[in-house]
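Participant: Handing you a structure now.
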Amino acid sequence: TAVHFSERGAKKVYAVEPFGNLSFIQKNIVFIKAGIGKKDDAVFIDPNYANCARSRLCEHIQEDGEPLKVMGINTLINSINENGIVLKMDCEGAEDSLFSANKKTLKKIDCMMIETHENICKGIGLELSMFLTQNGFKVRLEAHGKDVGMIYAENKLRRMTKWNSTKLIYAEKGRDDVIEQSIEQSKVDITKQFSPEIEYLENQINTL
């Protein structure tokens with residue numbers, strides 16, 4: 001994701017990873033070796049831990065392990081002296097760290113793309129969507145399979161970045177058919193699974 005944004009015109013990209021490969025770093029990418037949490041902290045992890053796409057950091061904590069810095073979401077965002085912040089999160093179950101974001105932090109963020117994992121934290125997609133809606137974001141929640149969802153959120157107070165959430169992710173692949181199919185299937189899946197909650201969320205958005 002860091003390279004994706006870097007190669008598509010981002011002024012600067014901040015990549016936060018507990019374990020990362022420094023070889024991919026480009027001049028406009030700042031690598032931060034840390035985990036993301038609700039508050040600033042430190043944990044001790046298994047030194048033999050191998051990071052992978054579906055791995056959860058909390059499963060590798062051990063008392064005699066190596067220390068790792070954990071940054072609170074407020075600390076991270078407020079340390080960035082840039083305008084037009086786009087936040088992309090895929091935290092494998094740590095998405096609820098966003099609930100600790102204060103109003104100052106949220107005001108600095110133009111757009112968010114958050115991958116949610118219902119198998120790890122049931123209902124997290126709707127809870128985060130409602131939280132962001134209540135804090136001035138226009139929210140779109142999509143189901144990407146049985147347990148994975150995506151939240152696309154735009155700060156209604158800033159509106160500095162004009163973007164189409166789905167095509168931002170897939171446009172470079174030239175797969176318009178996949179885009180349309182994904183959108184329609186997402187509508188069907190999410191409606192079947194969360195009909196009452198979706199109606200409530202839509203009503204909340206329309207009142208803003």
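FYI, nothing fancy with the structure tokens labels: chains A, B, ... in order, residues from 1 per chain, ligands from 1 as they appear.
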Report as a PyMOL selection string all protein, DNA and RNA residues lying within 7 Å of segment 113-130 of chain A, evaluated on only C-alpha atoms, omitting residues in the same chain fewer than 2 positions from it.

Facilitator: chain A and resi 87-90+92-93+95+111+132-134+139+147-153+201

Participant: Excluding segment 76-78 of chain A and residues on its chain fewer than 5 positions from it, collect all residues at most 10 Å away from it, counting only C-alpha atoms, and give them as a ChimeraX atom specification.

Facilitator: /A:14,16,32,36,40,71,85,87,101,104-106,108-109

Participant: Per DSSP on the backbone, what are the alpha helix (DSSP H) residues of segment 58-150 of chain A, as a list in words?

Facilitator: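 Residues of segment 58-150 of chain A classed as alpha helix (DSSP H): Ile73, Asn74, Thr75, Leu76, Ile77, Asn78, Lys103, Lys104, Thr105, Leu106, Lys107, Ile124, Gly125, Leu126, Glu127, Leu128, Ser129, Met130, Phe131, Leu132, Thr133 and Gln134 of chain A.
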
Participant: Here is a test: counting only C-alpha atoms, which residue of A:Leu98, A:Val13, A:Leu157, A:Ile45 is nearest to Ile73 of chain A?

Facilitator: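 Counting only C-alpha atoms, the residue closest to Ile73 of chain A is A:Leu98.
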
Participant: Under the rule that only C-alpha atoms are counted, which of A:Val43, A:Arg140, A:Phe99, A:Gly145 is the nearest residue to Gly65 of chain A?

Facilitator: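 Smallest distance to Gly65 of chain A is found for A:Val43.
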
Participant: Taking 6 positions as the minimum chain separation for residues in the same chain, which residues sit within 9 Å of Ala34 of chain A when counting only C-alpha atoms? Answer as JSON, numbers by chain.

Facilitator: {"A": [16, 17, 18, 19, 68, 69, 70, 71]}

Participant: What's the 9 Å shell around Lys27 of chain A, counting only C-alpha atoms, without same-chain residues fewer than 3 positions away, as a PyMOL selection string?

Facilitator: chain A and resi 6+12+30

Participant: From the list A:Met112, A:Ala143, A:Cys91, A:Val86, which residue is nearest Phe5 of chain A when using only C-alpha atoms?

Facilitator: A:Val86
